[in-house]
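For reference, my_file.pdb is printed below; it contains PDB, C-alpha atoms.
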ATOM      1  CA  MET A   1    -124.996  -0.709 -32.301
ATOM      2  CA  GLN A   2    -123.327   0.994 -29.338
ATOM      3  CA  ALA A   3    -124.743   0.646 -25.858
ATOM      4  CA  LYS A   4    -127.119   3.223 -24.407
ATOM      5  CA  ILE A   5    -126.277   4.386 -20.884
ATOM      6  CA  LEU A   6    -128.302   6.356 -18.325
ATOM      7  CA  LEU A   7    -126.354   8.532 -15.861
ATOM      8  CA  ILE A   8    -128.207   9.228 -12.609
ATOM      9  CA  ASP A   9    -126.551  11.781 -10.320
ATOM     10  CA  ASP A  10    -127.754  14.962  -8.609
ATOM     11  CA  GLU A  11    -124.442  16.659  -9.447
ATOM     12  CA  GLU A  12    -124.971  18.088 -12.916
ATOM     13  CA  ALA A  13    -121.225  18.570 -13.463
ATOM     14  CA  VAL A  14    -120.565  14.862 -12.842
ATOM     15  CA  CYS A  15    -123.284  13.888 -15.312
ATOM     16  CA  GLU A  16    -121.926  16.205 -17.976
ATOM     17  CA  ILE A  17    -118.335  15.016 -17.577
ATOM     18  CA  LEU A  18    -119.374  11.377 -17.819
ATOM     19  CA  LYS A  19    -121.773  12.054 -20.694
ATOM     20  CA  TYR A  20    -119.082  13.857 -22.701
ATOM     21  CA  ASN A  21    -116.510  11.108 -22.244
ATOM     22  CA  LEU A  22    -118.932   8.243 -22.840
ATOM     23  CA  GLU A  23    -120.187   9.831 -26.047
ATOM     24  CA  LYS A  24    -116.576  10.413 -27.072
ATOM     25  CA  GLU A  25    -116.124   6.648 -26.765
ATOM     26  CA  GLY A  26    -119.110   6.096 -29.041
ATOM     27  CA  TYR A  27    -121.786   5.295 -26.462
ATOM     28  CA  GLU A  28    -125.184   6.976 -26.281
ATOM     29  CA  ALA A  29    -125.674   8.674 -22.900
ATOM     30  CA  ASP A  30    -128.662  10.309 -21.226
ATOM     31  CA  THR A  31    -128.798  12.008 -17.830
ATOM     32  CA  ALA A  32    -131.226  12.191 -14.908
ATOM     33  CA  TYR A  33    -130.574  14.365 -11.866
ATOM     34  CA  SER A  34    -132.536  12.242  -9.388
ATOM     35  CA  ALA A  35    -133.726   8.675  -8.980
ATOM     36  CA  GLU A  36    -137.307   9.922  -9.189
ATOM     37  CA  GLU A  37    -136.623  11.574 -12.542
ATOM     38  CA  ALA A  38    -135.010   8.392 -13.823
ATOM     39  CA  LEU A  39    -138.033   6.295 -12.847
ATOM     40  CA  GLU A  40    -140.205   8.500 -15.075
ATOM     41  CA  MET A  41    -138.112   7.512 -18.090
ATOM     42  CA  ASP A  42    -138.402   4.475 -20.372
ATOM     43  CA  LEU A  43    -135.741   2.471 -18.553
ATOM     44  CA  LYS A  44    -135.986  -0.666 -20.682
ATOM     45  CA  GLN A  45    -134.180   1.130 -23.528
ATOM     46  CA  TYR A  46    -130.900   1.312 -21.576
ATOM     47  CA  ASP A  47    -128.066  -1.193 -21.517
ATOM     48  CA  LEU A  48    -126.402   0.183 -18.369
ATOM     49  CA  PHE A  49    -127.178   2.469 -15.430
ATOM     50  CA  ILE A  50    -124.436   4.480 -13.711
ATOM     51  CA  VAL A  51    -125.961   5.578 -10.420
ATOM     52  CA  ASP A  52    -124.953   7.856  -7.544
ATOM     53  CA  ILE A  53    -126.034   6.691  -4.091
ATOM     54  CA  MET A  54    -126.656   9.838  -2.043
ATOM     55  CA  MET A  55    -129.405  11.687  -3.891
ATOM     56  CA  GLY A  56    -132.452  13.593  -2.591
ATOM     57  CA  ASP A  57    -135.366  11.599  -1.213
ATOM     58  CA  MET A  58    -134.630   8.369  -3.073
ATOM     59  CA  SER A  59    -131.121   6.950  -2.828
ATOM     60  CA  GLY A  60    -129.302   5.037  -5.510
ATOM     61  CA  PHE A  61    -129.717   1.896  -3.408
ATOM     62  CA  ASP A  62    -133.511   2.376  -3.402
ATOM     63  CA  PHE A  63    -133.486   2.976  -7.157
ATOM     64  CA  ALA A  64    -131.550  -0.257  -7.706
ATOM     65  CA  LYS A  65    -133.991  -2.239  -5.557
ATOM     66  CA  ARG A  66    -136.920  -0.825  -7.542
ATOM     67  CA  ILE A  67    -135.553  -1.729 -10.974
ATOM     68  CA  ARG A  68    -134.417  -5.156  -9.826
ATOM     69  CA  ASN A  69    -138.085  -5.930  -9.099
ATOM     70  CA  VAL A  70    -139.218  -5.019 -12.629
ATOM     71  CA  THR A  71    -138.932  -7.702 -15.305
ATOM     72  CA  ALA A  72    -137.813  -5.292 -18.041
ATOM     73  CA  THR A  73    -134.838  -4.038 -16.003
ATOM     74  CA  GLN A  74    -134.079  -6.826 -13.563
ATOM     75  CA  ASN A  75    -130.952  -7.845 -15.474
ATOM     76  CA  THR A  76    -129.796  -4.422 -16.703
ATOM     77  CA  PRO A  77    -126.260  -3.834 -15.358
ATOM     78  CA  ILE A  78    -125.720  -1.191 -12.658
ATOM     79  CA  ILE A  79    -122.491   0.573 -11.725
ATOM     80  CA  PHE A  80    -122.666   2.601  -8.524
ATOM     81  CA  CYS A  81    -120.528   5.757  -8.633
ATOM     82  CA  SER A  82    -120.392   7.331  -5.195
ATOM     83  CA  ALA A  83    -118.315   9.271  -2.684
ATOM     84  CA  LEU A  84    -119.210   6.574  -0.142
ATOM     85  CA  ASN A  85    -116.020   4.559  -0.046
ATOM     86  CA  GLU A  86    -116.409   2.363   3.038
ATOM     87  CA  GLU A  87    -116.311  -1.364   2.448
ATOM     88  CA  ASP A  88    -119.774  -1.786   4.012
ATOM     89  CA  GLU A  89    -121.324   0.470   1.364
ATOM     90  CA  LYS A  90    -119.560  -1.418  -1.414
ATOM     91  CA  VAL A  91    -120.716  -4.764  -0.033
ATOM     92  CA  MET A  92    -124.283  -3.457   0.302
ATOM     93  CA  GLY A  93    -124.265  -2.190  -3.280
ATOM     94  CA  LEU A  94    -123.014  -5.498  -4.654
ATOM     95  CA  ASN A  95    -125.500  -7.448  -2.538
ATOM     96  CA  ILE A  96    -128.372  -5.359  -3.921
ATOM     97  CA  GLY A  97    -127.351  -6.517  -7.361
ATOM     98  CA  ALA A  98    -124.910  -3.941  -8.687
ATOM     99  CA  ASP A  99    -122.327  -5.173 -11.167
ATOM    100  CA  ASP A 100    -119.548  -2.800 -10.078
ATOM    101  CA  TYR A 101    -118.795   0.094  -7.738
ATOM    102  CA  VAL A 102    -116.639   3.159  -8.475
ATOM    103  CA  THR A 103    -115.710   5.671  -5.781
ATOM    104  CA  LYS A 104    -115.507   9.432  -6.230
ATOM    105  CA  PRO A 105    -113.290  11.174  -7.066
ATOM    106  CA  PHE A 106    -112.777   8.867 -10.021
ATOM    107  CA  SER A 107    -110.572   8.849 -13.075
ATOM    108  CA  ILE A 108    -112.357   8.843 -16.419
ATOM    109  CA  GLY A 109    -110.072   6.068 -17.601
ATOM    110  CA  GLU A 110    -111.153   3.816 -14.723
ATOM    111  CA  VAL A 111    -114.851   4.494 -15.305
ATOM    112  CA  LEU A 112    -114.561   3.763 -19.032
ATOM    113  CA  ALA A 113    -112.644   0.547 -18.343
ATOM    114  CA  ARG A 114    -115.300  -0.627 -15.894
ATOM    115  CA  VAL A 115    -118.091   0.296 -18.321
ATOM    116  CA  ARG A 116    -116.437  -1.765 -21.055
ATOM    117  CA  ALA A 117    -115.954  -4.715 -18.697
ATOM    118  CA  VAL A 118    -119.539  -4.683 -17.400
ATOM    119  CA  LEU A 119    -121.054  -4.338 -20.881
ATOM    120  CA  ARG A 120    -118.811  -7.084 -22.244
ATOM    121  CA  ARG A 121    -119.890  -9.424 -19.454
ATOM    122  CA  ALA A 122    -123.584  -8.521 -19.928
ATOM    123  CA  ALA A 123    -123.320  -9.229 -23.665
ATOM    124  CA  ALA A 124    -121.768 -12.626 -22.960
ATOM    125  CA  GLN A 125    -124.541 -13.477 -20.495
ATOM    126  CA  ALA A 126    -127.193 -12.370 -22.980
ATOM    127  CA  GLN A 127    -125.644 -14.581 -25.666
ATOM    128  CA  THR A 128    -125.616 -17.512 -23.247
ATOM    129  CA  THR A 129    -129.297 -16.916 -22.466
ATOM    130  CA  TYR A 130    -130.074 -16.754 -26.198
ATOM    131  CA  ASN A 131    -128.206 -19.985 -26.854
ATOM    132  CA  LEU A 132    -130.092 -21.710 -24.049
ATOM    133  CA  ALA A 133    -133.391 -20.484 -25.465
ATOM    134  CA  GLU A 134    -132.435 -22.031 -28.786
ATOM    135  CA  SER A 135    -131.546 -25.370 -27.225
ATOM    136  CA  ASP A 136    -133.019 -27.797 -24.710
ATOM    137  CA  TYR A 137    -133.630 -26.649 -21.164
ATOM    138  CA  GLU A 138    -130.892 -27.260 -18.636
ATOM    139  CA  GLN A 139    -131.400 -30.087 -16.188
ATOM    140  CA  ASP A 140    -132.226 -29.249 -12.580
ATOM    141  CA  LEU A 141    -129.457 -29.542  -9.997
ATOM    142  CA  THR A 142    -130.386 -31.647  -6.973
ATOM    143  CA  PHE A 143    -128.882 -32.708  -3.673
ATOM    144  CA  LYS A 144    -131.255 -34.700  -1.466
ATOM    145  CA  THR A 145    -134.254 -32.340  -0.961
ATOM    146  CA  LEU A 146    -132.334 -29.330  -2.309
ATOM    147  CA  ARG A 147    -133.139 -28.444  -5.939
ATOM    148  CA  ILE A 148    -132.133 -25.673  -8.327
ATOM    149  CA  ASP A 149    -134.295 -24.976 -11.356
ATOM    150  CA  ARG A 150    -131.638 -23.535 -13.667
ATOM    151  CA  ASN A 151    -134.169 -22.398 -16.248
ATOM    152  CA  GLU A 152    -136.552 -20.540 -13.912
ATOM    153  CA  LYS A 153    -133.651 -19.453 -11.660
ATOM    154  CA  ILE A 154    -135.429 -20.661  -8.518
ATOM    155  CA  SER A 155    -134.027 -22.841  -5.745
ATOM    156  CA  TYR A 156    -136.109 -25.125  -3.534
ATOM    157  CA  MET A 157    -135.634 -26.937  -0.241
ATOM    158  CA  ASP A 158    -138.150 -29.589   0.769
ATOM    159  CA  GLY A 159    -140.332 -28.390  -2.107
ATOM    160  CA  GLU A 160    -140.507 -24.802  -0.829
ATOM    161  CA  PRO A 161    -138.838 -21.886  -2.687
ATOM    162  CA  LEU A 162    -135.734 -20.429  -1.059
ATOM    163  CA  GLN A 163    -135.600 -16.636  -0.960
ATOM    164  CA  LEU A 164    -132.069 -16.197  -2.316
ATOM    165  CA  THR A 165    -130.493 -13.114  -3.812
ATOM    166  CA  ARG A 166    -129.066 -13.466  -7.302
ATOM    167  CA  THR A 167    -125.528 -13.727  -5.897
ATOM    168  CA  GLU A 168    -126.537 -16.346  -3.309
ATOM    169  CA  PHE A 169    -128.299 -18.332  -6.047
ATOM    170  CA  GLU A 170    -125.235 -18.244  -8.296
ATOM    171  CA  ILE A 171    -122.903 -19.274  -5.448
ATOM    172  CA  LEU A 172    -125.168 -22.222  -4.627
ATOM    173  CA  GLU A 173    -125.377 -23.158  -8.312
ATOM    174  CA  PHE A 174    -121.576 -23.061  -8.547
ATOM    175  CA  PHE A 175    -121.190 -25.236  -5.456
ATOM    176  CA  LEU A 176    -123.726 -27.830  -6.626
ATOM    177  CA  THR A 177    -121.973 -28.142  -9.984
ATOM    178  CA  HIS A 178    -118.504 -28.317  -8.372
ATOM    179  CA  ARG A 179    -118.926 -30.594  -5.363
ATOM    180  CA  ASN A 180    -116.382 -32.148  -3.024
ATOM    181  CA  ARG A 181    -113.564 -29.741  -3.726
ATOM    182  CA  ILE A 182    -112.335 -26.629  -1.919
ATOM    183  CA  TYR A 183    -112.175 -23.461  -4.014
ATOM    184  CA  SER A 184    -110.240 -20.325  -3.161
ATOM    185  CA  ARG A 185    -112.095 -17.042  -2.863
ATOM    186  CA  GLN A 186    -110.484 -15.921  -6.131
ATOM    187  CA  GLU A 187    -111.760 -19.020  -7.925
ATOM    188  CA  ILE A 188    -115.267 -18.359  -6.593
ATOM    189  CA  ILE A 189    -115.050 -14.713  -7.694
ATOM    190  CA  SER A 190    -113.941 -15.740 -11.201
ATOM    191  CA  ASN A 191    -116.754 -18.260 -11.574
ATOM    192  CA  VAL A 192    -119.598 -16.283  -9.953
ATOM    193  CA  TRP A 193    -118.789 -12.621 -10.587
ATOM    194  CA  GLY A 194    -116.373 -12.913 -13.495
ATOM    195  CA  GLY A 195    -112.787 -11.753 -13.604
ATOM    196  CA  ASP A 196    -113.527  -8.127 -14.508
ATOM    197  CA  VAL A 197    -115.349  -7.222 -11.271
ATOM    198  CA  VAL A 198    -113.506  -6.088  -8.136
ATOM    199  CA  VAL A 199    -114.924  -8.159  -5.259
ATOM    200  CA  THR A 200    -113.483  -8.233  -1.756
ATOM    201  CA  ASN A 201    -112.970 -11.320   0.391
ATOM    202  CA  ARG A 202    -115.511  -9.889   2.802
ATOM    203  CA  THR A 203    -118.142  -9.872   0.064
ATOM    204  CA  ILE A 204    -117.553 -13.591  -0.474
ATOM    205  CA  ASP A 205    -117.703 -14.317   3.259
ATOM    206  CA  THR A 206    -120.868 -12.233   3.752
ATOM    207  CA  ASN A 207    -122.751 -13.920   0.918
ATOM    208  CA  ILE A 208    -121.746 -17.417   2.005
ATOM    209  CA  THR A 209    -122.740 -16.682   5.627
ATOM    210  CA  ARG A 210    -126.179 -15.525   4.458
ATOM    211  CA  LEU A 211    -126.545 -18.519   2.152
ATOM    212  CA  ARG A 212    -125.744 -20.911   4.976
ATOM    213  CA  LYS A 213    -128.438 -19.362   7.178
ATOM    214  CA  LYS A 214    -131.022 -19.976   4.456
ATOM    215  CA  LEU A 215    -130.001 -23.589   3.789
ATOM    216  CA  GLY A 216    -131.059 -24.931   7.190
ATOM    217  CA  GLU A 217    -130.070 -28.588   7.490
ATOM    218  CA  TYR A 218    -127.721 -28.256   4.500
ATOM    219  CA  SER A 219    -125.739 -25.331   5.911
ATOM    220  CA  ASN A 220    -122.987 -27.661   7.121
ATOM    221  CA  ASN A 221    -122.478 -28.992   3.603
ATOM    222  CA  ILE A 222    -120.840 -25.663   2.741
ATOM    223  CA  VAL A 223    -117.501 -26.120   4.452
ATOM    224  CA  THR A 224    -114.699 -23.700   5.217
ATOM    225  CA  ARG A 225    -111.031 -24.648   5.009
ATOM    226  CA  GLN A 226    -109.132 -21.953   6.864
ATOM    227  CA  GLY A 227    -106.510 -20.388   4.626
ATOM    228  CA  PHE A 228    -107.842 -22.120   1.506
ATOM    229  CA  GLY A 229    -111.490 -21.265   0.870
ATOM    230  CA  TYR A 230    -114.911 -22.894   0.610
ATOM    231  CA  GLY A 231    -116.553 -25.925  -0.918
ATOM    232  CA  PHE A 232    -119.716 -28.010  -0.972
ATOM    233  CA  LYS A 233    -119.211 -31.472   0.516
ATOM    234  CA  GLU A 234    -121.790 -34.186   0.010
ATOM    235  CA  THR A 235    -120.720 -35.689   3.339
ATOM    236  CA  PHE A 236    -119.152 -33.815   6.240
TER     237      PHE A 236
END
Please go through the file and, once you have read it, give me the structure as structure tokens.
Amino acid sequence: MQAKILLIDDEEAVCEILKYNLEKEGYEADTAYSAEEALEMDLKQYDLFIVDIMMGDMSGFDFAKRIRNVTATQNTPIIFCSALNEEDEKVMGLNIGADDYVTKPFSIGEVLARVRAVLRRAAAQAQTTYNLAESDYEQDLTFKTLRIDRNEKISYMDGEPLQLTRTEFEILEFFLTHRNRIYSRQEIISNVWGGDVVVTNRTIDTNITRLRKKLGEYSNNIVTRQGFGYGFKETF
């Protein structure tokens, strides 16, 4: 069964162009001309949201934050499609939890390629989750008083939950499973985001800086090797 996609953009022409080309590729596509209209819909039926950022009273960023706080849609992939093309906006979108970011004006070929990549990655993650559900739970990751519950997707320090974003959690999980070695930014991107997503070096640096601030006494265990990358060292 082909994926079902919701297009959210206050430019009707953009919605219609994308809808036509997505349906031509075999996808199902619905449209909403505002974030508010989209929130009135049954969002759990969709496999992907393609969202503009600058829309009416509620922005695409606000829409993404809302659905990321709802269990039924917290893992549904999001691609931002916006005329905002500054790196800060792209970093913000990815930090909110978007899976990709396309700038306007766009080529249909690029959008379709990114849709395929995001849906392929989401399907692989869903299969992994299914396989885990069918098998034993994964063991917690620990380092001194730092602990990651890989099944509940919660991290703890000194017994208290850490308020990490999904990306920060996945970076920490990667580091705790790959200790005492320096990894390049590209290696971190491949392991955390996957090879199909365009992620800038600044995105890596921003997320690691934020993670360090939240790790308190363990912040120094995440080390930087200028010109090489980052790693988690058990001793420093």
**Asked** So how many Å separate CA of Glu152 in chain A and CA of Phe169 in chain A, to one decimal?
**Response** 11.6 Å
Who sits within 12 Å of range 29-35 of chain A, all atoms listed in the file, same chain under 2 positions skipped, as a PDB file with C-alpha atoms, keeping the file's coordinate frame:
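The resulting part-v7.pdb:
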ATOM      1  CA  GLN A   2    -123.327   0.994 -29.338  1.00  0.00           C
ATOM      2  CA  ALA A   3    -124.743   0.646 -25.858  1.00  0.00           C
ATOM      3  CA  LYS A   4    -127.119   3.223 -24.407  1.00  0.00           C
ATOM      4  CA  ILE A   5    -126.277   4.386 -20.884  1.00  0.00           C
ATOM      5  CA  LEU A   6    -128.302   6.356 -18.325  1.00  0.00           C
ATOM      6  CA  LEU A   7    -126.354   8.532 -15.861  1.00  0.00           C
ATOM      7  CA  ILE A   8    -128.207   9.228 -12.609  1.00  0.00           C
ATOM      8  CA  ASP A   9    -126.551  11.781 -10.320  1.00  0.00           C
ATOM      9  CA  ASP A  10    -127.754  14.962  -8.609  1.00  0.00           C
ATOM     10  CA  GLU A  11    -124.442  16.659  -9.447  1.00  0.00           C
ATOM     11  CA  GLU A  12    -124.971  18.088 -12.916  1.00  0.00           C
ATOM     12  CA  ALA A  13    -121.225  18.570 -13.463  1.00  0.00           C
ATOM     13  CA  VAL A  14    -120.565  14.862 -12.842  1.00  0.00           C
ATOM     14  CA  CYS A  15    -123.284  13.888 -15.312  1.00  0.00           C
ATOM     15  CA  GLU A  16    -121.926  16.205 -17.976  1.00  0.00           C
ATOM     16  CA  ILE A  17    -118.335  15.016 -17.577  1.00  0.00           C
ATOM     17  CA  LEU A  18    -119.374  11.377 -17.819  1.00  0.00           C
ATOM     18  CA  LYS A  19    -121.773  12.054 -20.694  1.00  0.00           C
ATOM     19  CA  TYR A  20    -119.082  13.857 -22.701  1.00  0.00           C
ATOM     20  CA  ASN A  21    -116.510  11.108 -22.244  1.00  0.00           C
ATOM     21  CA  LEU A  22    -118.932   8.243 -22.840  1.00  0.00           C
ATOM     22  CA  GLU A  23    -120.187   9.831 -26.047  1.00  0.00           C
ATOM     23  CA  LYS A  24    -116.576  10.413 -27.072  1.00  0.00           C
ATOM     24  CA  GLU A  25    -116.124   6.648 -26.765  1.00  0.00           C
ATOM     25  CA  GLY A  26    -119.110   6.096 -29.041  1.00  0.00           C
ATOM     26  CA  TYR A  27    -121.786   5.295 -26.462  1.00  0.00           C
ATOM     27  CA  GLU A  37    -136.623  11.574 -12.542  1.00  0.00           C
ATOM     28  CA  ALA A  38    -135.010   8.392 -13.823  1.00  0.00           C
ATOM     29  CA  LEU A  39    -138.033   6.295 -12.847  1.00  0.00           C
ATOM     30  CA  GLU A  40    -140.205   8.500 -15.075  1.00  0.00           C
ATOM     31  CA  MET A  41    -138.112   7.512 -18.090  1.00  0.00           C
ATOM     32  CA  ASP A  42    -138.402   4.475 -20.372  1.00  0.00           C
ATOM     33  CA  LEU A  43    -135.741   2.471 -18.553  1.00  0.00           C
ATOM     34  CA  GLN A  45    -134.180   1.130 -23.528  1.00  0.00           C
ATOM     35  CA  TYR A  46    -130.900   1.312 -21.576  1.00  0.00           C
ATOM     36  CA  ASP A  47    -128.066  -1.193 -21.517  1.00  0.00           C
ATOM     37  CA  LEU A  48    -126.402   0.183 -18.369  1.00  0.00           C
ATOM     38  CA  PHE A  49    -127.178   2.469 -15.430  1.00  0.00           C
ATOM     39  CA  ILE A  50    -124.436   4.480 -13.711  1.00  0.00           C
ATOM     40  CA  VAL A  51    -125.961   5.578 -10.420  1.00  0.00           C
ATOM     41  CA  ASP A  52    -124.953   7.856  -7.544  1.00  0.00           C
ATOM     42  CA  ILE A  53    -126.034   6.691  -4.091  1.00  0.00           C
ATOM     43  CA  MET A  54    -126.656   9.838  -2.043  1.00  0.00           C
ATOM     44  CA  MET A  55    -129.405  11.687  -3.891  1.00  0.00           C
ATOM     45  CA  GLY A  56    -132.452  13.593  -2.591  1.00  0.00           C
ATOM     46  CA  ASP A  57    -135.366  11.599  -1.213  1.00  0.00           C
ATOM     47  CA  MET A  58    -134.630   8.369  -3.073  1.00  0.00           C
ATOM     48  CA  SER A  59    -131.121   6.950  -2.828  1.00  0.00           C
ATOM     49  CA  GLY A  60    -129.302   5.037  -5.510  1.00  0.00           C
ATOM     50  CA  PHE A  61    -129.717   1.896  -3.408  1.00  0.00           C
ATOM     51  CA  ASP A  62    -133.511   2.376  -3.402  1.00  0.00           C
ATOM     52  CA  PHE A  63    -133.486   2.976  -7.157  1.00  0.00           C
ATOM     53  CA  ALA A  64    -131.550  -0.257  -7.706  1.00  0.00           C
ATOM     54  CA  LYS A  65    -133.991  -2.239  -5.557  1.00  0.00           C
ATOM     55  CA  ARG A  66    -136.920  -0.825  -7.542  1.00  0.00           C
ATOM     56  CA  ILE A  67    -135.553  -1.729 -10.974  1.00  0.00           C
TER      57      ILE A  67
END
**Asked** Which polymer residues have any atom within 12 Å of an atom of range 161-164 of chain A, counting all atoms listed in the file, with same-chain residues fewer than 2 positions away left out, as a PyMOL selection string?
**Response** chain A and resi 95-97+145-149+152-159+166-173+207-208+210-216
Residues from the last selection, C-alpha atoms, saved as a PDB file, keeping the file's coordinate frame:
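Here's the written file selection00.pdb:
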ATOM      1  CA  ASN A  95    -125.500  -7.448  -2.538  1.00  0.00           C
ATOM      2  CA  ILE A  96    -128.372  -5.359  -3.921  1.00  0.00           C
ATOM      3  CA  GLY A  97    -127.351  -6.517  -7.361  1.00  0.00           C
ATOM      4  CA  THR A 145    -134.254 -32.340  -0.961  1.00  0.00           C
ATOM      5  CA  LEU A 146    -132.334 -29.330  -2.309  1.00  0.00           C
ATOM      6  CA  ARG A 147    -133.139 -28.444  -5.939  1.00  0.00           C
ATOM      7  CA  ILE A 148    -132.133 -25.673  -8.327  1.00  0.00           C
ATOM      8  CA  ASP A 149    -134.295 -24.976 -11.356  1.00  0.00           C
ATOM      9  CA  GLU A 152    -136.552 -20.540 -13.912  1.00  0.00           C
ATOM     10  CA  LYS A 153    -133.651 -19.453 -11.660  1.00  0.00           C
ATOM     11  CA  ILE A 154    -135.429 -20.661  -8.518  1.00  0.00           C
ATOM     12  CA  SER A 155    -134.027 -22.841  -5.745  1.00  0.00           C
ATOM     13  CA  TYR A 156    -136.109 -25.125  -3.534  1.00  0.00           C
ATOM     14  CA  MET A 157    -135.634 -26.937  -0.241  1.00  0.00           C
ATOM     15  CA  ASP A 158    -138.150 -29.589   0.769  1.00  0.00           C
ATOM     16  CA  GLY A 159    -140.332 -28.390  -2.107  1.00  0.00           C
ATOM     17  CA  ARG A 166    -129.066 -13.466  -7.302  1.00  0.00           C
ATOM     18  CA  THR A 167    -125.528 -13.727  -5.897  1.00  0.00           C
ATOM     19  CA  GLU A 168    -126.537 -16.346  -3.309  1.00  0.00           C
ATOM     20  CA  PHE A 169    -128.299 -18.332  -6.047  1.00  0.00           C
ATOM     21  CA  GLU A 170    -125.235 -18.244  -8.296  1.00  0.00           C
ATOM     22  CA  ILE A 171    -122.903 -19.274  -5.448  1.00  0.00           C
ATOM     23  CA  LEU A 172    -125.168 -22.222  -4.627  1.00  0.00           C
ATOM     24  CA  GLU A 173    -125.377 -23.158  -8.312  1.00  0.00           C
ATOM     25  CA  ASN A 207    -122.751 -13.920   0.918  1.00  0.00           C
ATOM     26  CA  ILE A 208    -121.746 -17.417   2.005  1.00  0.00           C
ATOM     27  CA  ARG A 210    -126.179 -15.525   4.458  1.00  0.00           C
ATOM     28  CA  LEU A 211    -126.545 -18.519   2.152  1.00  0.00           C
ATOM     29  CA  ARG A 212    -125.744 -20.911   4.976  1.00  0.00           C
ATOM     30  CA  LYS A 213    -128.438 -19.362   7.178  1.00  0.00           C
ATOM     31  CA  LYS A 214    -131.022 -19.976   4.456  1.00  0.00           C
ATOM     32  CA  LEU A 215    -130.001 -23.589   3.789  1.00  0.00           C
ATOM     33  CA  GLY A 216    -131.059 -24.931   7.190  1.00  0.00           C
TER      34      GLY A 216
END
**Request:** Please evaluate the PyMOL selection byres ((chain A and resi 194) around 12) against the structure above and give the resulting residues as a ChimeraX atom specification.
**Result:** /A:99-100,117-118,120-122,124-125,167,170,186-193,195-199
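You will find CA of Glu89 in chain A at 15.8 Å from CA of Pro105 in chain A.
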**Asked** Evaluating the PyMOL selection byres ((chain A and resi 91) around 10) on the displayed file yields which residues, as JSON, numbers by chain?
**Response** {"A": [86, 87, 88, 89, 90, 92, 93, 94, 95, 96, 98, 101, 199, 200, 202, 203, 204, 206, 207]}
Would you mind exporting the chosen residues as a PDB file, keeping the file's coordinate frame, restricted to C-alpha atoms?
ATOM      1  CA  GLU A  86    -116.409   2.363   3.038  1.00  0.00           C
ATOM      2  CA  GLU A  87    -116.311  -1.364   2.448  1.00  0.00           C
ATOM      3  CA  ASP A  88    -119.774  -1.786   4.012  1.00  0.00           C
ATOM      4  CA  GLU A  89    -121.324   0.470   1.364  1.00  0.00           C
ATOM      5  CA  LYS A  90    -119.560  -1.418  -1.414  1.00  0.00           C
ATOM      6  CA  MET A  92    -124.283  -3.457   0.302  1.00  0.00           C
ATOM      7  CA  GLY A  93    -124.265  -2.190  -3.280  1.00  0.00           C
ATOM      8  CA  LEU A  94    -123.014  -5.498  -4.654  1.00  0.00           C
ATOM      9  CA  ASN A  95    -125.500  -7.448  -2.538  1.00  0.00           C
ATOM     10  CA  ILE A  96    -128.372  -5.359  -3.921  1.00  0.00           C
ATOM     11  CA  ALA A  98    -124.910  -3.941  -8.687  1.00  0.00           C
ATOM     12  CA  TYR A 101    -118.795   0.094  -7.738  1.00  0.00           C
ATOM     13  CA  VAL A 199    -114.924  -8.159  -5.259  1.00  0.00           C
ATOM     14  CA  THR A 200    -113.483  -8.233  -1.756  1.00  0.00           C
ATOM     15  CA  ARG A 202    -115.511  -9.889   2.802  1.00  0.00           C
ATOM     16  CA  THR A 203    -118.142  -9.872   0.064  1.00  0.00           C
ATOM     17  CA  ILE A 204    -117.553 -13.591  -0.474  1.00  0.00           C
ATOM     18  CA  THR A 206    -120.868 -12.233   3.752  1.00  0.00           C
ATOM     19  CA  ASN A 207    -122.751 -13.920   0.918  1.00  0.00           C
TER      20      ASN A 207
END
**Request:** Could you tell me how far CA of Thr235 in chain A lies from CA of Val223 in chain A, in Å and to one decimal?
**Result:** 10.2 Å
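Distance annotation: of A:Gly231, A:Ser219, A:Leu119, A:Glu28, the residue with the minimal separation from Phe174 in chain A is A:Gly231; atom set is all atoms listed in the file.
Nearest residue to Phe175 in chain A, choosing from A:Lys104, A:Lys233, A:Arg68, A:Lys144 and counting all atoms listed in the file: A:Lys233.
Closest to Ser184 in chain A among A:Asn201, A:Gln74, A:Glu110, A:Gly229 is A:Gly229, based on all atoms listed in the file.
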Could you give me range 156-162 of chain A completed to N, CA and C atoms, formatted as a PDB file, keeping the file's coordinate frame?
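Final file, out-v6.pdb:
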ATOM      1  N   TYR A 156    -135.107 -24.565  -4.433  1.00  0.00           N
ATOM      2  CA  TYR A 156    -136.109 -25.125  -3.534  1.00  0.00           C
ATOM      3  C   TYR A 156    -135.443 -25.986  -2.466  1.00  0.00           C
ATOM      4  N   MET A 157    -136.040 -26.017  -1.290  1.00  0.00           N
ATOM      5  CA  MET A 157    -135.634 -26.937  -0.241  1.00  0.00           C
ATOM      6  C   MET A 157    -136.894 -27.557   0.337  1.00  0.00           C
ATOM      7  N   ASP A 158    -136.954 -28.872   0.324  1.00  0.00           N
ATOM      8  CA  ASP A 158    -138.150 -29.589   0.769  1.00  0.00           C
ATOM      9  C   ASP A 158    -139.395 -29.121   0.009  1.00  0.00           C
ATOM     10  N   GLY A 159    -139.218 -28.792  -1.268  1.00  0.00           N
ATOM     11  CA  GLY A 159    -140.332 -28.390  -2.107  1.00  0.00           C
ATOM     12  C   GLY A 159    -140.761 -26.946  -1.977  1.00  0.00           C
ATOM     13  N   GLU A 160    -140.155 -26.200  -1.052  1.00  0.00           N
ATOM     14  CA  GLU A 160    -140.507 -24.802  -0.829  1.00  0.00           C
ATOM     15  C   GLU A 160    -139.431 -23.891  -1.424  1.00  0.00           C
ATOM     16  N   PRO A 161    -139.840 -22.796  -2.099  1.00  0.00           N
ATOM     17  CA  PRO A 161    -138.838 -21.886  -2.687  1.00  0.00           C
ATOM     18  C   PRO A 161    -137.950 -21.250  -1.624  1.00  0.00           C
ATOM     19  N   LEU A 162    -136.673 -21.147  -1.923  1.00  0.00           N
ATOM     20  CA  LEU A 162    -135.734 -20.429  -1.059  1.00  0.00           C
ATOM     21  C   LEU A 162    -135.637 -18.982  -1.541  1.00  0.00           C
TER      22      LEU A 162
END
